[in-house]
Amino acid sequence: MTKNITCVTCPMGCAITVELSDSGEVLSVKGNTCKRGEVYAVNECTHPQRSLATTVKVEGGIHNVVPCKSAGALPKEKIFDCMEEINKACAKAPVALGDVLVENVCNTGINIVATNHCPAR
Ligand code: SF4
């Protein structure tokens, strides 16, 4: 089986073809211009990850929500569960840039942190 992947590690966007065995083992990687593309393609085929940027509700702030992001990449298959947990969270104002709003989201070991501040009302 082959998988066609566009490397998003840099703006060149190389088209990479990964050949996989029936059990999902990577047999070959072609089309990458550099080693980073190979690492990206192998990860994408074996344990895909995504960064998450969204908002968390704020109580008592001048805004109702504050923007946030995952402090690292999350397993792709857990993104919807993480969004559910983040949607249930509510931060208390004031929120400072970098504050941890959700710790260890869905037991991934990754925190959700504020990417802006939100002063109290
Ligand atoms: S393979 Fe290397 S050069 Fe190509 S997009 Fe990925 S990081 Fe950039």
# chains A, B, ... in the order shown; residues from 1 in each chain; ligands from 1
$ residues_near_ligand --ligand "ligand 1" --cutoff "7 Å" --atoms "only C-alpha atoms and all ligand atoms" --output "PDB file with N, CA and C atoms, in the first residue's frame"
ATOM      1  N   CYS A   7       4.396  17.168   2.757  1.00  0.00           N
ATOM      2  CA  CYS A   7       5.152  17.555   3.957  1.00  0.00           C
ATOM      3  C   CYS A   7       4.824  19.009   4.294  1.00  0.00           C
ATOM      4  N   VAL A   8       4.432  19.252   5.537  1.00  0.00           N
ATOM      5  CA  VAL A   8       4.086  20.618   5.967  1.00  0.00           C
ATOM      6  C   VAL A   8       5.139  21.174   6.925  1.00  0.00           C
ATOM      7  N   THR A   9       6.300  20.516   6.952  1.00  0.00           N
ATOM      8  CA  THR A   9       7.342  20.955   7.871  1.00  0.00           C
ATOM      9  C   THR A   9       7.957  22.280   7.459  1.00  0.00           C
ATOM     10  N   CYS A  10       7.998  22.548   6.139  1.00  0.00           N
ATOM     11  CA  CYS A  10       8.493  23.851   5.669  1.00  0.00           C
ATOM     12  C   CYS A  10       7.683  24.259   4.441  1.00  0.00           C
ATOM     13  N   PRO A  11       7.801  25.510   4.003  1.00  0.00           N
ATOM     14  CA  PRO A  11       6.944  25.999   2.904  1.00  0.00           C
ATOM     15  C   PRO A  11       7.141  25.296   1.561  1.00  0.00           C
ATOM     16  N   MET A  12       8.195  24.509   1.389  1.00  0.00           N
ATOM     17  CA  MET A  12       8.399  23.823   0.101  1.00  0.00           C
ATOM     18  C   MET A  12       7.299  22.820  -0.204  1.00  0.00           C
ATOM     19  N   GLY A  13       6.715  22.231   0.838  1.00  0.00           N
ATOM     20  CA  GLY A  13       5.581  21.322   0.656  1.00  0.00           C
ATOM     21  C   GLY A  13       5.863  20.146  -0.256  1.00  0.00           C
ATOM     22  N   CYS A  14       6.947  19.450  -0.022  1.00  0.00           N
ATOM     23  CA  CYS A  14       7.313  18.308  -0.875  1.00  0.00           C
ATOM     24  C   CYS A  14       6.220  17.231  -0.871  1.00  0.00           C
ATOM     25  N   ASN A  32      10.914  13.167  -0.503  1.00  0.00           N
ATOM     26  CA  ASN A  32      11.343  14.179   0.479  1.00  0.00           C
ATOM     27  C   ASN A  32      12.677  14.772   0.042  1.00  0.00           C
ATOM     28  N   THR A  33      12.796  16.085   0.246  1.00  0.00           N
ATOM     29  CA  THR A  33      14.043  16.764  -0.104  1.00  0.00           C
ATOM     30  C   THR A  33      15.049  16.671   1.033  1.00  0.00           C
ATOM     31  N   CYS A  34      14.553  16.513   2.257  1.00  0.00           N
ATOM     32  CA  CYS A  34      15.477  16.463   3.389  1.00  0.00           C
ATOM     33  C   CYS A  34      15.010  15.439   4.413  1.00  0.00           C
ATOM     34  N   LYS A  35      15.843  15.194   5.400  1.00  0.00           N
ATOM     35  CA  LYS A  35      15.583  14.184   6.430  1.00  0.00           C
ATOM     36  C   LYS A  35      14.332  14.509   7.250  1.00  0.00           C
ATOM     37  N   ARG A  36      14.088  15.824   7.452  1.00  0.00           N
ATOM     38  CA  ARG A  36      12.920  16.209   8.250  1.00  0.00           C
ATOM     39  C   ARG A  36      11.630  15.705   7.606  1.00  0.00           C
ATOM     40  N   GLY A  37      11.610  15.709   6.276  1.00  0.00           N
ATOM     41  CA  GLY A  37      10.439  15.222   5.547  1.00  0.00           C
ATOM     42  C   GLY A  37      10.227  13.739   5.769  1.00  0.00           C
ATOM     43  N   GLU A  38      11.313  12.993   5.830  1.00  0.00           N
ATOM     44  CA  GLU A  38      11.212  11.549   6.076  1.00  0.00           C
ATOM     45  C   GLU A  38      10.630  11.306   7.474  1.00  0.00           C
TER      46      GLU A  38
END
$ residues_around --residues "region 56-73 of chain A" --least-positions-apart "5" --cutoff "10 Å" --atoms "only C-alpha atoms" --output "PyMOL selection string"
chain A and resi 48-51+79+82-83+86-102+104-105+108-121
$ residues_around --residues "Asn4 (chain A)" --least-positions-apart "3" --cutoff "10 Å" --atoms "only C-alpha atoms" --output "compact mmCIF listing (two decimals) with C-alpha atoms, in the first residue's frame"
# COMPACT_ATOMS: atom_id res chain seq x y z
CA CYS A 7 5.15 17.55 3.96
CA ALA A 15 5.06 15.53 -2.18
CA ILE A 16 6.16 12.38 -0.37
CA THR A 17 5.19 8.82 -1.18
CA VAL A 18 5.37 6.28 1.63
CA GLU A 19 5.22 2.58 0.90
CA VAL A 29 9.92 6.98 1.79
CA LYS A 30 10.38 8.86 -1.50
CA GLY A 31 10.01 12.46 -2.64
CA ALA A 41 6.14 11.18 6.71
$ select_by_dssp --residues "region 8-102 of chain A" --states "helix (DSSP H, G or I)" --output "list in words"
Lys35, Arg36, Gly37, Glu38, Val39, Tyr40, Ala41, Val42, Asn43, Glu44, Cys45, Thr46, Lys76, Glu77, Lys78, Ile79, Phe80, Asp81, Cys82, Met83, Glu84, Glu85, Ile86, Asn87 and Lys88 of chain A
$ write_last_selection --atoms "C-alpha atoms" --output "PDB file, in the first residue's frame"
ATOM      1  CA  LYS A  35      15.583  14.184   6.430  1.00  0.00           C
ATOM      2  CA  ARG A  36      12.920  16.209   8.250  1.00  0.00           C
ATOM      3  CA  GLY A  37      10.439  15.222   5.547  1.00  0.00           C
ATOM      4  CA  GLU A  38      11.212  11.549   6.076  1.00  0.00           C
ATOM      5  CA  VAL A  39      10.651  11.904   9.832  1.00  0.00           C
ATOM      6  CA  TYR A  40       7.392  13.777   9.206  1.00  0.00           C
ATOM      7  CA  ALA A  41       6.140  11.184   6.709  1.00  0.00           C
ATOM      8  CA  VAL A  42       6.993   8.224   8.959  1.00  0.00           C
ATOM      9  CA  ASN A  43       5.291   9.895  11.955  1.00  0.00           C
ATOM     10  CA  GLU A  44       2.271  10.781   9.842  1.00  0.00           C
ATOM     11  CA  CYS A  45       1.879   7.120   8.852  1.00  0.00           C
ATOM     12  CA  THR A  46       2.634   5.541  12.236  1.00  0.00           C
ATOM     13  CA  LYS A  76      -4.621  12.879  15.982  1.00  0.00           C
ATOM     14  CA  GLU A  77      -7.070  10.236  17.200  1.00  0.00           C
ATOM     15  CA  LYS A  78      -7.544  12.149  20.475  1.00  0.00           C
ATOM     16  CA  ILE A  79      -8.251  15.577  18.941  1.00  0.00           C
ATOM     17  CA  PHE A  80     -12.054  15.319  19.278  1.00  0.00           C
ATOM     18  CA  ASP A  81     -11.825  14.077  22.893  1.00  0.00           C
ATOM     19  CA  CYS A  82      -9.432  16.936  23.662  1.00  0.00           C
ATOM     20  CA  MET A  83     -11.833  19.463  22.107  1.00  0.00           C
ATOM     21  CA  GLU A  84     -14.635  18.077  24.263  1.00  0.00           C
ATOM     22  CA  GLU A  85     -12.541  18.511  27.429  1.00  0.00           C
ATOM     23  CA  ILE A  86     -11.425  22.008  26.374  1.00  0.00           C
ATOM     24  CA  ASN A  87     -15.030  23.016  25.624  1.00  0.00           C
ATOM     25  CA  LYS A  88     -16.004  22.030  29.188  1.00  0.00           C
TER      26      LYS A  88
END
$ select_by_dssp --residues "chain A" --states "strand (DSSP E)" --output "ChimeraX atom specification"
/A:2-6,15-20,26-30,49-50,53-59,65-70,74-75,90-92,100-102,112-114
$ write_last_selection --atoms "N, CA and C atoms" --output "tab-separated table (two decimals), in the first residue's frame"
chain	number	residue	atom	x	y	z
A	2	THR	N	0.49	2.28	-0.75
A	2	THR	CA	1.26	3.52	-0.72
A	2	THR	C	0.37	4.67	-0.21
A	3	LYS	N	1.03	5.61	0.44
A	3	LYS	CA	0.33	6.80	0.95
A	3	LYS	C	1.03	8.02	0.39
A	4	ASN	N	0.24	8.97	-0.15
A	4	ASN	CA	0.81	10.22	-0.63
A	4	ASN	C	0.59	11.30	0.42
A	5	ILE	N	1.68	11.93	0.81
A	5	ILE	CA	1.64	12.92	1.89
A	5	ILE	C	2.31	14.20	1.42
A	6	THR	N	1.73	15.32	1.78
A	6	THR	CA	2.40	16.60	1.54
A	6	THR	C	3.10	17.00	2.83
A	15	ALA	N	6.00	16.65	-2.05
A	15	ALA	CA	5.06	15.53	-2.18
A	15	ALA	C	5.82	14.25	-1.89
A	16	ILE	N	5.43	13.57	-0.83
A	16	ILE	CA	6.16	12.38	-0.37
A	16	ILE	C	5.28	11.15	-0.55
A	17	THR	N	5.90	10.10	-1.03
A	17	THR	CA	5.19	8.82	-1.18
A	17	THR	C	5.79	7.83	-0.18
A	18	VAL	N	4.93	7.26	0.63
A	18	VAL	CA	5.37	6.28	1.63
A	18	VAL	C	4.81	4.92	1.24
A	19	GLU	N	5.68	3.94	1.17
A	19	GLU	CA	5.22	2.58	0.90
A	19	GLU	C	5.12	1.85	2.23
A	20	LEU	N	3.96	1.22	2.46
A	20	LEU	CA	3.71	0.53	3.73
A	20	LEU	C	3.43	-0.95	3.48
A	26	VAL	N	6.57	0.89	7.69
A	26	VAL	CA	7.09	1.74	6.61
A	26	VAL	C	8.21	1.01	5.88
A	27	LEU	N	8.03	0.83	4.57
A	27	LEU	CA	9.03	0.12	3.76
A	27	LEU	C	9.96	1.10	3.06
A	28	SER	N	9.39	2.20	2.56
A	28	SER	CA	10.24	3.19	1.89
A	28	SER	C	9.57	4.56	1.92
A	29	VAL	N	10.40	5.59	1.84
A	29	VAL	CA	9.92	6.98	1.79
A	29	VAL	C	10.61	7.64	0.60
A	30	LYS	N	9.80	8.21	-0.31
A	30	LYS	CA	10.38	8.86	-1.50
A	30	LYS	C	9.76	10.23	-1.70
A	49	GLN	N	0.10	13.26	14.50
A	49	GLN	CA	-0.14	14.22	15.58
A	49	GLN	C	-0.59	15.55	14.98
A	50	ARG	N	-1.30	16.31	15.79
A	50	ARG	CA	-1.76	17.63	15.36
A	50	ARG	C	-1.64	18.62	16.51
A	53	ALA	N	-5.42	24.71	18.09
A	53	ALA	CA	-5.62	26.11	18.49
A	53	ALA	C	-7.12	26.35	18.57
A	54	THR	N	-7.57	26.85	19.71
A	54	THR	CA	-9.00	27.05	19.89
A	54	THR	C	-9.21	28.13	20.95
A	55	THR	N	-10.33	28.11	21.63
A	55	THR	CA	-10.59	29.08	22.70
A	55	THR	C	-11.13	28.35	23.93
A	56	VAL	N	-10.96	28.99	25.09
A	56	VAL	CA	-11.51	28.47	26.35
A	56	VAL	C	-12.41	29.57	26.93
A	57	LYS	N	-13.52	29.16	27.49
A	57	LYS	CA	-14.45	30.12	28.12
A	57	LYS	C	-13.76	30.81	29.31
A	58	VAL	N	-14.12	32.06	29.51
A	58	VAL	CA	-13.57	32.82	30.64
A	58	VAL	C	-14.73	33.37	31.48
A	59	GLU	N	-14.58	33.23	32.80
A	59	GLU	CA	-15.59	33.76	33.72
A	59	GLU	C	-15.04	35.04	34.35
A	65	VAL	N	-14.21	34.58	26.07
A	65	VAL	CA	-13.29	33.47	25.75
A	65	VAL	C	-11.88	34.02	25.61
A	66	VAL	N	-10.92	33.12	25.74
A	66	VAL	CA	-9.53	33.50	25.52
A	66	VAL	C	-8.93	32.49	24.54
A	67	PRO	N	-8.13	32.95	23.56
A	67	PRO	CA	-7.52	32.00	22.63
A	67	PRO	C	-6.48	31.13	23.34
A	68	CYS	N	-6.33	29.92	22.86
A	68	CYS	CA	-5.38	29.00	23.48
A	68	CYS	C	-4.85	28.03	22.43
A	69	LYS	N	-3.82	27.29	22.82
A	69	LYS	CA	-3.27	26.27	21.92
A	69	LYS	C	-2.70	25.13	22.77
A	70	SER	N	-2.50	24.01	22.12
A	70	SER	CA	-1.83	22.91	22.81
A	70	SER	C	-0.35	23.25	22.87
A	74	LEU	N	-0.65	16.81	19.68
A	74	LEU	CA	-1.53	15.81	20.30
A	74	LEU	C	-1.75	14.65	19.33
A	75	PRO	N	-1.97	13.44	19.85
A	75	PRO	CA	-2.29	12.33	18.95
A	75	PRO	C	-3.56	12.66	18.15
A	90	CYS	N	-13.41	26.17	31.94
A	90	CYS	CA	-13.74	27.59	32.10
A	90	CYS	C	-12.66	28.22	32.97
A	91	ALA	N	-11.96	29.19	32.41
A	91	ALA	CA	-10.89	29.86	33.16
A	91	ALA	C	-11.47	31.04	33.94
A	92	LYS	N	-10.84	31.37	35.06
A	92	LYS	CA	-11.27	32.54	35.83
A	92	LYS	C	-10.36	33.72	35.49
A	100	VAL	N	-1.70	27.98	32.07
A	100	VAL	CA	-2.22	26.64	31.74
A	100	VAL	C	-3.72	26.64	32.01
A	101	LEU	N	-4.51	26.42	30.97
A	101	LEU	CA	-5.97	26.46	31.12
A	101	LEU	C	-6.54	25.06	31.30
A	102	VAL	N	-5.92	24.09	30.66
A	102	VAL	CA	-6.29	22.67	30.86
A	102	VAL	C	-4.99	21.91	30.99
A	112	ILE	N	-2.97	22.75	27.74
A	112	ILE	CA	-3.58	23.76	26.86
A	112	ILE	C	-3.27	25.11	27.51
A	113	VAL	N	-2.60	25.98	26.77
A	113	VAL	CA	-2.14	27.24	27.34
A	113	VAL	C	-2.75	28.45	26.62
A	114	ALA	N	-2.93	29.52	27.37
A	114	ALA	CA	-3.50	30.75	26.80
A	114	ALA	C	-2.50	31.39	25.84
